$ cat coords.cif   # mmCIF, C-alpha atoms and all ligand atoms
data_coords
#
loop_
_atom_site.label_atom_id
_atom_site.label_comp_id
_atom_site.auth_asym_id
_atom_site.auth_seq_id
_atom_site.Cartn_x
_atom_site.Cartn_y
_atom_site.Cartn_z
CA MET A 1 39.01 17.78 63.62
CA ASN A 2 36.06 15.40 63.26
CA LYS A 3 33.63 18.24 63.93
CA PHE A 4 35.47 20.62 61.59
CA ILE A 5 35.42 18.11 58.70
CA LYS A 6 31.71 17.38 59.11
CA GLN A 7 30.86 21.06 59.20
CA ALA A 8 33.05 21.71 56.15
CA ALA A 9 31.35 18.85 54.26
CA LEU A 10 27.95 20.43 54.87
CA GLU A 11 29.31 23.83 53.80
CA VAL A 12 30.45 22.52 50.42
CA GLY A 13 26.99 21.03 49.89
CA PHE A 14 27.05 17.41 51.00
CA ASP A 15 24.03 16.13 52.94
CA ALA A 16 25.94 14.04 55.47
CA CYS A 17 29.48 13.14 56.46
CA GLY A 18 31.06 10.56 58.75
CA ILE A 19 34.60 9.38 59.46
CA ALA A 20 35.85 5.83 60.02
CA LYS A 21 39.25 4.47 60.99
CA ALA A 22 41.07 3.05 57.96
CA ASP A 23 41.35 -0.67 58.60
CA LEU A 24 41.18 -4.07 56.96
CA LEU A 25 37.57 -4.99 56.13
CA ILE A 26 37.92 -8.60 57.28
CA GLU A 27 34.27 -9.67 56.96
CA ASP A 28 33.85 -8.07 53.56
CA ALA A 29 37.03 -9.72 52.29
CA GLY A 30 35.63 -13.17 53.17
CA PHE A 31 32.22 -12.36 51.78
CA MET A 32 33.63 -10.99 48.52
CA THR A 33 35.85 -14.00 47.99
CA GLN A 34 32.78 -16.22 48.15
CA TRP A 35 30.64 -13.88 46.00
CA LEU A 36 33.30 -13.66 43.29
CA SER A 37 33.89 -17.42 43.31
CA GLU A 38 30.19 -17.93 42.60
CA VAL A 39 30.49 -15.47 39.66
CA GLN A 40 27.58 -13.44 41.04
CA HIS A 41 29.32 -10.34 39.69
CA GLY A 42 28.53 -11.38 36.11
CA SER A 43 30.99 -9.88 33.60
CA MET A 44 32.20 -7.12 35.96
CA SER A 45 35.68 -8.61 35.97
CA TYR A 46 37.16 -5.35 37.29
CA LEU A 47 35.76 -6.40 40.67
CA GLU A 48 38.27 -9.25 40.72
CA ARG A 49 41.22 -6.89 40.41
CA ASN A 50 42.88 -4.97 43.26
CA PHE A 51 41.27 -7.30 45.79
CA GLU A 52 43.72 -6.47 48.60
CA LYS A 53 43.42 -2.73 47.97
CA ARG A 54 39.63 -2.97 47.90
CA THR A 55 39.52 -4.48 51.35
CA ASP A 56 42.24 -2.32 52.92
CA PRO A 57 42.45 1.42 52.11
CA ARG A 58 45.91 1.59 53.65
CA LEU A 59 47.14 -0.41 50.65
CA LEU A 60 45.16 1.74 48.22
CA VAL A 61 46.50 5.03 49.61
CA PRO A 62 49.82 4.64 51.46
CA GLY A 63 49.70 6.39 54.82
CA CYS A 64 45.88 6.45 54.94
CA LYS A 65 44.56 6.52 58.51
CA SER A 66 40.98 7.76 58.13
CA VAL A 67 38.17 7.33 55.63
CA ILE A 68 35.97 10.41 55.25
CA VAL A 69 32.60 9.44 53.74
CA VAL A 70 30.17 11.95 52.27
CA LEU A 71 26.62 11.55 50.97
CA LEU A 72 24.67 13.50 48.38
CA ASN A 73 20.91 13.01 48.29
CA TYR A 74 19.55 12.67 44.74
CA PHE A 75 15.92 11.81 45.46
CA ASN A 76 13.30 13.46 43.27
CA ALA A 77 9.65 12.65 44.02
CA GLU A 78 8.47 13.44 40.48
CA ASN A 79 7.41 10.65 38.15
CA GLN A 80 8.02 9.97 34.48
CA PRO A 81 4.91 10.03 32.27
CA GLU A 82 2.64 7.01 32.70
CA GLY A 83 3.83 4.08 30.58
CA ALA A 84 7.18 5.63 29.59
CA PRO A 85 10.24 3.38 29.84
CA LYS A 86 11.69 3.96 33.27
CA PHE A 87 15.10 5.34 34.13
CA ALA A 88 16.44 4.85 37.67
CA LYS A 89 16.36 8.13 39.57
CA TYR A 90 20.13 8.29 39.98
CA ALA A 91 20.39 8.65 36.20
CA TRP A 92 17.99 11.61 35.88
CA SER A 93 20.56 14.31 36.52
CA ALA A 94 21.58 16.43 33.52
CA SER A 95 25.11 16.63 34.94
CA ASP A 96 27.34 13.63 35.52
CA TYR A 97 27.14 13.08 39.28
CA HIS A 98 30.72 11.78 39.34
CA GLN A 99 31.93 15.26 38.35
CA VAL A 100 29.60 16.99 40.81
CA ILE A 101 30.86 14.92 43.74
CA LYS A 102 34.51 15.04 42.69
CA TYR A 103 34.35 18.82 42.61
CA LYS A 104 32.76 18.99 46.06
CA LEU A 105 35.33 16.52 47.44
CA SER A 106 38.15 18.72 46.15
CA GLU A 107 36.54 21.72 47.85
CA LEU A 108 36.30 19.74 51.10
CA GLU A 109 39.94 18.67 50.81
CA ASN A 110 41.01 22.29 50.29
CA LEU A 111 39.24 23.36 53.47
CA ILE A 112 40.90 20.55 55.47
CA VAL A 113 44.33 21.38 54.03
CA LYS A 114 43.88 25.07 54.82
CA GLN A 115 43.07 24.24 58.43
CA TYR A 116 45.37 21.28 59.13
CA GLY A 117 48.09 21.28 56.46
CA ASN A 118 48.98 19.62 53.20
CA GLU A 119 50.30 16.46 54.87
CA CYS A 120 46.72 15.42 55.63
CA PHE A 121 46.57 13.86 52.16
CA ASN A 122 48.90 11.71 50.07
CA GLN A 123 49.18 13.90 47.00
CA GLN A 124 51.25 11.26 45.16
CA VAL A 125 48.24 9.01 44.53
CA GLN A 126 44.51 9.29 43.91
CA HIS A 127 42.83 9.64 47.29
CA SER A 128 39.27 10.75 46.49
CA PHE A 129 36.76 8.32 45.02
CA VAL A 130 33.22 8.30 43.63
CA ASP A 131 31.55 5.06 42.58
CA SER A 132 34.98 3.61 42.21
CA ALA A 133 35.70 -0.11 42.00
CA PRO A 134 38.60 -0.20 44.49
CA VAL A 135 36.52 1.19 47.38
CA LEU A 136 33.74 -0.60 49.27
CA GLU A 137 31.88 2.66 49.72
CA ARG A 138 28.72 1.32 51.34
CA ARG A 139 30.69 -0.49 54.01
CA TRP A 140 32.72 2.63 54.76
CA ALA A 141 29.53 4.65 55.03
CA GLN A 142 28.18 2.11 57.53
CA ARG A 143 31.42 2.14 59.51
CA ALA A 144 31.37 5.95 59.50
CA GLY A 145 27.96 5.90 61.20
CA LEU A 146 25.99 7.12 58.18
CA GLY A 147 23.59 4.21 57.81
CA TRP A 148 23.44 0.47 57.22
CA ILE A 149 23.54 -1.86 54.23
CA GLY A 150 19.96 -3.03 53.69
CA LYS A 151 18.85 -6.43 52.44
CA HIS A 152 18.69 -4.86 48.97
CA THR A 153 22.47 -4.30 49.41
CA GLN A 154 22.19 -0.51 49.12
CA LEU A 155 23.18 1.92 51.85
CA ILE A 156 20.17 3.17 53.81
CA ALA A 157 21.40 6.49 55.13
CA ASN A 158 20.06 7.57 58.52
CA GLY A 159 17.47 10.28 57.94
CA LEU A 160 17.94 10.25 54.14
CA GLY A 161 17.14 6.78 52.82
CA SER A 162 18.90 4.98 50.00
CA TYR A 163 18.74 7.55 47.18
CA CYS A 164 22.20 8.90 47.96
CA PHE A 165 25.50 9.05 46.11
CA ILE A 166 28.55 8.16 48.17
CA GLY A 167 32.00 9.74 47.94
CA THR A 168 35.14 8.98 49.95
CA LEU A 169 38.27 10.89 50.82
CA MET A 170 41.22 8.93 52.19
CA MET A 171 43.04 11.04 54.78
CA ASN A 172 46.49 10.45 56.23
CA ALA A 173 45.67 12.22 59.51
CA GLU A 174 44.01 10.60 62.52
CA THR A 175 40.95 12.03 64.20
CA ASN A 176 38.02 10.90 66.36
CA TYR A 177 35.86 8.33 64.64
CA ASP A 178 32.12 7.82 64.40
CA GLU A 179 30.32 4.77 65.73
CA PRO A 180 29.24 2.27 63.05
CA SER A 181 25.50 2.25 62.39
CA PRO A 182 23.42 -0.76 63.41
CA ASP A 183 21.31 -2.73 60.92
CA ARG A 184 17.67 -1.63 61.10
CA CYS A 185 16.08 -3.92 58.50
CA GLY A 186 14.76 -6.24 61.19
CA LYS A 187 12.35 -8.89 59.89
CA CYS A 188 11.35 -6.87 56.83
CA THR A 189 11.70 -8.66 53.49
CA ARG A 190 9.82 -6.26 51.21
CA CYS A 191 12.71 -5.67 48.83
CA ILE A 192 13.38 -9.40 48.49
CA ASN A 193 9.70 -10.09 47.75
CA ALA A 194 9.38 -7.18 45.31
CA CYS A 195 12.43 -7.94 43.16
CA PRO A 196 11.02 -9.22 39.84
CA THR A 197 14.09 -11.32 39.06
CA SER A 198 14.74 -12.83 42.52
CA ALA A 199 18.19 -11.22 42.56
CA LEU A 200 18.21 -10.78 46.34
CA ASN A 201 18.58 -13.45 49.00
CA GLY A 202 18.67 -11.22 52.08
CA ARG A 203 22.42 -11.19 52.28
CA SER A 204 23.71 -10.54 48.79
CA LEU A 205 22.78 -9.47 45.29
CA ASN A 206 23.19 -11.78 42.33
CA ALA A 207 24.29 -9.13 39.82
CA ARG A 208 23.66 -11.43 36.87
CA LYS A 209 19.95 -11.41 37.73
CA CYS A 210 19.73 -7.72 38.64
CA ILE A 211 17.97 -5.41 36.16
CA SER A 212 20.37 -2.63 37.06
CA TYR A 213 23.35 -4.73 36.05
CA GLN A 214 21.65 -6.14 32.96
CA THR A 215 20.53 -2.76 31.61
CA ILE A 216 23.74 -0.83 32.39
CA GLU A 217 26.83 -2.85 33.20
CA ASN A 218 26.27 -5.84 30.93
CA ARG A 219 27.75 -4.68 27.63
CA GLU A 220 26.09 -7.59 25.85
CA GLU A 221 22.33 -7.84 25.35
CA VAL A 222 20.13 -8.33 28.42
CA GLU A 223 20.04 -12.07 29.09
CA PRO A 224 16.94 -13.75 27.59
CA ASP A 225 15.48 -14.95 30.90
CA ILE A 226 15.58 -11.39 32.30
CA ARG A 227 14.08 -9.59 29.25
CA GLY A 228 10.50 -10.43 30.16
CA LYS A 229 11.01 -9.32 33.77
CA LEU A 230 12.33 -5.80 33.19
CA SER A 231 9.07 -4.32 34.53
CA GLY A 232 9.35 -1.25 32.33
CA ARG A 233 12.93 -0.47 33.44
CA VAL A 234 15.36 0.42 30.69
CA LEU A 235 18.25 1.95 32.60
CA GLY A 236 18.76 0.84 36.16
CA CYS A 237 16.03 -0.21 38.57
CA ASP A 238 14.56 1.34 41.72
CA ILE A 239 11.99 -1.33 42.58
CA CYS A 240 13.72 -2.53 45.76
CA ALA A 241 14.29 1.07 46.86
CA GLU A 242 10.68 2.07 46.12
CA VAL A 243 9.21 -0.55 48.44
CA CYS A 244 11.61 0.10 51.32
CA PRO A 245 9.76 1.56 54.32
CA TRP A 246 12.81 3.64 55.27
CA ASN A 247 12.66 5.45 51.93
CA LYS A 248 8.96 6.06 52.43
CA LYS A 249 9.78 7.58 55.81
CA TRP A 250 12.97 9.52 54.99
CA ALA A 251 13.40 10.20 51.24
CA THR A 252 12.75 13.86 50.46
CA ASN A 253 13.57 15.97 47.42
CA HIS A 254 17.22 16.90 47.06
CA ARG A 255 18.25 20.56 47.07
CA HIS A 256 21.13 20.42 44.58
CA SER A 257 20.86 22.59 41.49
CA GLU A 258 23.69 20.52 39.93
CA LEU A 259 21.41 17.46 39.98
CA LEU A 260 18.41 18.93 38.18
CA PRO A 261 16.90 16.32 35.86
CA VAL A 262 17.20 16.09 32.12
CA GLY A 263 13.93 17.71 30.96
CA GLU A 264 13.07 14.95 28.48
CA ILE A 265 13.09 12.27 31.20
CA LEU A 266 10.10 13.93 32.82
CA LYS A 267 8.38 14.78 29.52
CA HIS A 268 9.08 12.08 26.94
CA LYS A 269 6.36 9.50 26.39
CA ASN A 270 6.78 5.96 25.20
CA GLU A 271 6.80 6.82 21.48
CA ASP A 272 9.38 9.60 21.98
CA TRP A 273 11.82 7.07 23.44
CA GLU A 274 11.02 4.41 20.84
CA ASN A 275 11.86 6.88 18.06
CA LEU A 276 14.92 8.40 19.74
CA THR A 277 17.73 9.08 17.25
CA ILE A 278 21.40 8.97 18.10
CA GLY A 279 21.57 12.72 17.59
CA GLU A 280 18.82 13.26 20.14
CA PHE A 281 20.49 10.80 22.54
CA ASN A 282 23.78 12.71 22.32
CA SER A 283 22.07 16.03 22.82
CA ILE A 284 19.74 14.97 25.67
CA PHE A 285 22.45 13.16 27.63
CA LYS A 286 25.32 15.48 26.66
CA ASN A 287 26.72 15.84 30.19
CA SER A 288 24.86 13.01 31.88
CA ALA A 289 26.15 9.75 33.34
CA VAL A 290 23.74 7.99 30.92
CA ARG A 291 26.32 8.61 28.16
CA ARG A 292 28.32 5.75 29.73
CA VAL A 293 25.58 3.43 28.49
CA LYS A 294 25.70 3.55 24.73
CA TYR A 295 22.77 4.55 22.49
CA GLN A 296 22.47 1.06 21.03
CA LYS A 297 22.26 -0.56 24.45
CA LEU A 298 19.55 1.86 25.61
CA MET A 299 17.50 1.26 22.45
CA GLU A 300 17.81 -2.52 22.86
CA ASN A 301 16.55 -2.18 26.43
CA ILE A 302 13.64 -0.05 25.22
CA SER A 303 12.75 -2.66 22.62
CA TYR A 304 12.55 -5.43 25.28
CA VAL A 305 10.22 -3.32 27.38
CA SER A 306 7.97 -2.16 24.52
CA GLY A 307 7.93 -5.54 22.80
CA LYS A 308 8.56 -3.79 19.47
CA ASN A 309 11.39 -4.33 17.09
CA ILE A 310 13.20 -1.00 17.20
CA ASN A 311 15.78 -0.10 14.60
CA THR A 312 18.94 0.68 16.57
CA ASP A 313 21.25 1.11 13.57
CA ILE A 314 23.49 4.15 13.83
S1 LIG B 401 17.60 -3.19 41.47
FE1 LIG B 401 15.72 -4.23 40.72
S2 LIG B 401 16.44 -6.18 39.89
FE2 LIG B 401 18.13 -5.35 41.15
S3 LIG B 401 17.79 -6.24 43.15
FE3 LIG B 401 16.66 -4.31 43.18
S4 LIG B 401 14.57 -4.85 42.53
FE4 LIG B 401 15.90 -6.56 42.00
S1 LIG B 402 12.80 -3.17 52.15
FE1 LIG B 402 12.99 -3.89 54.26
S2 LIG B 402 14.56 -5.49 54.17
FE2 LIG B 402 14.71 -4.31 52.28
S3 LIG B 402 16.28 -2.78 52.70
FE3 LIG B 402 14.30 -1.84 53.20
S4 LIG B 402 14.02 -2.25 55.38
FE4 LIG B 402 15.63 -3.59 54.69
#

$ encode --input "coords.cif" --output "C-alpha cells" --more "lines below"
Ligand code: SF4
Ligand code: SF4
Amino acid sequence: MNKFIKQAALEVGFDACGIAKADLLIEDAGFMTQWLSEVQHGSMSYLERNFEKRTDPRLLVPGCKSVIVVLLNYFNAENQPEGAPKFAKYAWSASDYHQVIKYKLSELENLIVKQYGNECFNQQVQHSFVDSAPVLERRWAQRAGLGWIGKHTQLIANGLGSYCFIGTLMMNAETNYDEPSPDRCGKCTRCINACPTSALNGRSLNARKCISYQTIENREEVEPDIRGKLSGRVLGCDICAEVCPWNKKWATNHRHSELLPVGEILKHKNEDWENLTIGEFNSIFKNSAVRRVKYQKLMENISYVSGKNINTDI
C-alpha cells in the first residue's frame, strides 16, 4: 500500500510523498506550549485553538492511523525587475495554491479508495489539509521521511529544498511507514545570520519579528521597528531560504502549469507597484493567494519599502 500511494501521488502531479504513523507529537506539544506562552506567534490567535487536535491527528480525524504527506515544488529561478518591491516566490502563482493542492489531494484519495475501499477515509469529517492551522505539516513531512525542519523553521525537502508546498491526507488504514529524516543543518547558521530582523534563534521563529508574518498575517500595520528592516520585501520573505546551501544545491524550477506566475510580478517595476489601483490589484491577483492580503495592506507595505507616502484610499 505504501508503494501504491507514493506512485499514485506522483501520478497526480506531486513531487514527493511519504507516510507516517499517526501519533501524538509529544515534543512539538511541549515546544508549542512554550512558544505560545511567550506570545511569539504574535496576533495569530488561531494557533492557540485546537491545541490537542494539532498535536494528535487521531483527535482531529477520528479513526486516523496514517498521515500521508505530499509536496509540491514551487521554485522559480526567475527574478523580479531590479529594485521592484519583492514578493515571496510562493505568492507568484496566478492560481491559489490551496486549490491546486486540494484538487490533487482529492485525486489521490480517489485512487486510494478505488484500490483499497471507501473505509480508508473518514468521510464524516475533513481529512485533507493544505496550510491548515490544525496540522503541524512540517513535522509530519519530517516524520514521513521527506526532509527535516531547518534552523529557519521551514521544511528542507530531500532533493527539493524548501520551496515546497505541503499537503496532508489523514487515512484510517494502516500501512508501512517511512523512516523520519535526520537533521542535516549541522553547524550552519547562514539563515540566522542573514535574517534582517533577528527573528531566528536556531530553534524557533519569533513570528512577531518575521517579515513574512508582518507583511501578510499581521492585519495591523507592520510594527514600526520592523518597517526599516523589510529589505525590499512587501509580501512574505525568502531571505533565509535564499541563503540556505541546500536550496542552492537542490532547488530547481517546478514543472507545474497550475503554478505559472502572475505576469505582472515578473514585469512590473517599482513605479508600477507604487501606482497600483485597487482595480488593477483585483484583476492581477484575481485567482491568486495574494487576494488574502488586502489591497490596503499591500500598498502600506510598498510605502514602507519605497519610503514614499502612497495614497491607499479605496
Ligand atoms: S522569512 Fe525573512 S524575516 Fe522571517 S525568519 Fe526568514 S529571513 Fe527572517
Ligand atoms: S541556512 Fe543552514 S542552518 Fe539555515 S536551514 Fe539552511 S542549512 Fe540549516

$ residues_near_ligand --input "coords.cif" --ligand "ligand LIG 402 (chain B)" --cutoff "12 Å" --atoms "only C-alpha atoms and all ligand atoms" --output "PDB file with C-alpha atoms, in the frame of the given file"
ATOM      1  CA  GLY A 147      23.590   4.210  57.810  1.00  0.00           C
ATOM      2  CA  TRP A 148      23.440   0.470  57.220  1.00  0.00           C
ATOM      3  CA  ILE A 149      23.540  -1.860  54.230  1.00  0.00           C
ATOM      4  CA  GLY A 150      19.960  -3.030  53.690  1.00  0.00           C
ATOM      5  CA  LYS A 151      18.850  -6.430  52.440  1.00  0.00           C
ATOM      6  CA  HIS A 152      18.690  -4.860  48.970  1.00  0.00           C
ATOM      7  CA  THR A 153      22.470  -4.300  49.410  1.00  0.00           C
ATOM      8  CA  GLN A 154      22.190  -0.510  49.120  1.00  0.00           C
ATOM      9  CA  LEU A 155      23.180   1.920  51.850  1.00  0.00           C
ATOM     10  CA  ILE A 156      20.170   3.170  53.810  1.00  0.00           C
ATOM     11  CA  ALA A 157      21.400   6.490  55.130  1.00  0.00           C
ATOM     12  CA  ASN A 158      20.060   7.570  58.520  1.00  0.00           C
ATOM     13  CA  GLY A 161      17.140   6.780  52.820  1.00  0.00           C
ATOM     14  CA  SER A 162      18.900   4.980  50.000  1.00  0.00           C
ATOM     15  CA  TYR A 163      18.740   7.550  47.180  1.00  0.00           C
ATOM     16  CA  ASP A 183      21.310  -2.730  60.920  1.00  0.00           C
ATOM     17  CA  ARG A 184      17.670  -1.630  61.100  1.00  0.00           C
ATOM     18  CA  CYS A 185      16.080  -3.920  58.500  1.00  0.00           C
ATOM     19  CA  GLY A 186      14.760  -6.240  61.190  1.00  0.00           C
ATOM     20  CA  LYS A 187      12.350  -8.890  59.890  1.00  0.00           C
ATOM     21  CA  CYS A 188      11.350  -6.870  56.830  1.00  0.00           C
ATOM     22  CA  THR A 189      11.700  -8.660  53.490  1.00  0.00           C
ATOM     23  CA  ARG A 190       9.820  -6.260  51.210  1.00  0.00           C
ATOM     24  CA  CYS A 191      12.710  -5.670  48.830  1.00  0.00           C
ATOM     25  CA  ILE A 192      13.380  -9.400  48.490  1.00  0.00           C
ATOM     26  CA  ASN A 193       9.700 -10.090  47.750  1.00  0.00           C
ATOM     27  CA  ALA A 194       9.380  -7.180  45.310  1.00  0.00           C
ATOM     28  CA  CYS A 195      12.430  -7.940  43.160  1.00  0.00           C
ATOM     29  CA  LEU A 200      18.210 -10.780  46.340  1.00  0.00           C
ATOM     30  CA  ASN A 201      18.580 -13.450  49.000  1.00  0.00           C
ATOM     31  CA  GLY A 202      18.670 -11.220  52.080  1.00  0.00           C
ATOM     32  CA  ARG A 203      22.420 -11.190  52.280  1.00  0.00           C
ATOM     33  CA  SER A 204      23.710 -10.540  48.790  1.00  0.00           C
ATOM     34  CA  LEU A 205      22.780  -9.470  45.290  1.00  0.00           C
ATOM     35  CA  ASP A 238      14.560   1.340  41.720  1.00  0.00           C
ATOM     36  CA  ILE A 239      11.990  -1.330  42.580  1.00  0.00           C
ATOM     37  CA  CYS A 240      13.720  -2.530  45.760  1.00  0.00           C
ATOM     38  CA  ALA A 241      14.290   1.070  46.860  1.00  0.00           C
ATOM     39  CA  GLU A 242      10.680   2.070  46.120  1.00  0.00           C
ATOM     40  CA  VAL A 243       9.210  -0.550  48.440  1.00  0.00           C
ATOM     41  CA  CYS A 244      11.610   0.100  51.320  1.00  0.00           C
ATOM     42  CA  PRO A 245       9.760   1.560  54.320  1.00  0.00           C
ATOM     43  CA  TRP A 246      12.810   3.640  55.270  1.00  0.00           C
ATOM     44  CA  ASN A 247      12.660   5.450  51.930  1.00  0.00           C
ATOM     45  CA  LYS A 248       8.960   6.060  52.430  1.00  0.00           C
ATOM     46  CA  LYS A 249       9.780   7.580  55.810  1.00  0.00           C
ATOM     47  CA  TRP A 250      12.970   9.520  54.990  1.00  0.00           C
TER      48      TRP A 250
END

$ residues_around --input "coords.cif" --residues "segment 114-117 of chain A" --least-positions-apart "2" --cutoff "12 Å" --atoms "only C-alpha atoms" --output "mmCIF file with C-alpha atoms, in the frame of the given file"
data_model
loop_
_atom_site.group_PDB
_atom_site.id
_atom_site.type_symbol
_atom_site.label_atom_id
_atom_site.label_comp_id
_atom_site.auth_asym_id
_atom_site.auth_seq_id
_atom_site.Cartn_x
_atom_site.Cartn_y
_atom_site.Cartn_z
ATOM 1 C CA MET A 1 39.010 17.780 63.620
ATOM 2 C CA ASN A 2 36.060 15.400 63.260
ATOM 3 C CA PHE A 4 35.470 20.620 61.590
ATOM 4 C CA ILE A 5 35.420 18.110 58.700
ATOM 5 C CA ALA A 8 33.050 21.710 56.150
ATOM 6 C CA GLU A 107 36.540 21.720 47.850
ATOM 7 C CA LEU A 108 36.300 19.740 51.100
ATOM 8 C CA GLU A 109 39.940 18.670 50.810
ATOM 9 C CA ASN A 110 41.010 22.290 50.290
ATOM 10 C CA LEU A 111 39.240 23.360 53.470
ATOM 11 C CA ILE A 112 40.900 20.550 55.470
ATOM 12 C CA GLU A 119 50.300 16.460 54.870
ATOM 13 C CA CYS A 120 46.720 15.420 55.630
ATOM 14 C CA PHE A 121 46.570 13.860 52.160
ATOM 15 C CA ASN A 122 48.900 11.710 50.070
ATOM 16 C CA MET A 171 43.040 11.040 54.780
ATOM 17 C CA ASN A 172 46.490 10.450 56.230
ATOM 18 C CA ALA A 173 45.670 12.220 59.510
ATOM 19 C CA GLU A 174 44.010 10.600 62.520
ATOM 20 C CA THR A 175 40.950 12.030 64.200
#

$ residues_around --input "coords.cif" --residues "Pro196 of chain A" --least-positions-apart "2" --cutoff "8 Å" --atoms "only C-alpha atoms" --output "MDAnalysis selection string"
chainID A and resid 194 198:199 229:231

$ write_last_selection --input "coords.cif" --atoms "C-alpha atoms" --output "PDB file, in the frame of the given file"
ATOM      1  CA  ALA A 194       9.380  -7.180  45.310  1.00  0.00           C
ATOM      2  CA  SER A 198      14.740 -12.830  42.520  1.00  0.00           C
ATOM      3  CA  ALA A 199      18.190 -11.220  42.560  1.00  0.00           C
ATOM      4  CA  LYS A 229      11.010  -9.320  33.770  1.00  0.00           C
ATOM      5  CA  LEU A 230      12.330  -5.800  33.190  1.00  0.00           C
ATOM      6  CA  SER A 231       9.070  -4.320  34.530  1.00  0.00           C
TER       7      SER A 231
END

$ closest_residue --input "coords.cif" --among "A:Phe87, A:Tyr177, A:Tyr103, A:Phe281" --to "Phe14 of chain A" --atoms "only C-alpha atoms"
A:Tyr103

$ residues_near_point --input "coords.cif" --point "(21.5, 14.4, 33.9)" --cutoff "6 Å" --atoms "all atoms listed in the file" --output "number ranges by chain"
A: 92-95, 261-262, 288

$ closest_residue --input "coords.cif" --among "A:Ile216, A:Ala16, A:Ala251, A:Leu260" --to "ligand LIG 401 (chain B)" --atoms "only C-alpha atoms and all ligand atoms"
A:Ile216

$ closest_residue --input "coords.cif" --among "A:Ile310, A:Val100, A:Ala88, A:Leu10" --to "ligand LIG 401 (chain B)" --atoms "only C-alpha atoms and all ligand atoms"
A:Ala88

$ atom_distance --input "coords.cif" --atom1 "atom CA of Ala91 of chain A" --atom2 "atom CA of Gly18 of chain A"
25.0 Å

$ closest_residue --input "coords.cif" --among "A:Asn79, A:Val12, A:Pro57, A:Leu160" --to "Phe129 of chain A" --atoms "all atoms listed in the file"
A:Pro57

$ closest_residue --input "coords.cif" --among "A:Ser283, A:Asn270, A:Gln126, A:Gln34" --to "Gly307 of chain A" --atoms "all atoms listed in the file"
A:Asn270

$ atom_distance --input "coords.cif" --atom1 "atom CA of Ile265 of chain A" --atom2 "atom CA of Ala84 of chain A"
9.0 Å

$ closest_residue --input "coords.cif" --among "A:Ser212, A:Asn206, A:Asn118, A:Gln99" --to "Phe165 of chain A" --atoms "all atoms listed in the file"
A:Gln99

$ residues_around --input "coords.cif" --residues "Met170 of chain A" --least-positions-apart "5" --cutoff "12 Å" --atoms "all atoms listed in the file" --output "ChimeraX atom specification"
/A:19-23,56-70,105-106,108-109,120-123,125-130,135,137,140

$ atom_distance --input "coords.cif" --atom1 "atom CA of Asn50 of chain A" --atom2 "atom CA of Arg219 of chain A"
21.8 Å

$ axis_aligned_box --input "coords.cif" --around "segment 218-236 of chain A" --padding-each-side "4 Å" --output "JSON"
{"center_x": 18.4, "center_y": -6.5, "center_z": 30.8, "size_x": 26.7, "size_y": 24.9, "size_z": 18.8}

$ residues_around --input "coords.cif" --residues "Asn76 of chain A" --least-positions-apart "6" --cutoff "8 Å" --atoms "all atoms listed in the file" --output "PyMOL selection string"
chain A and resi 89+252-254
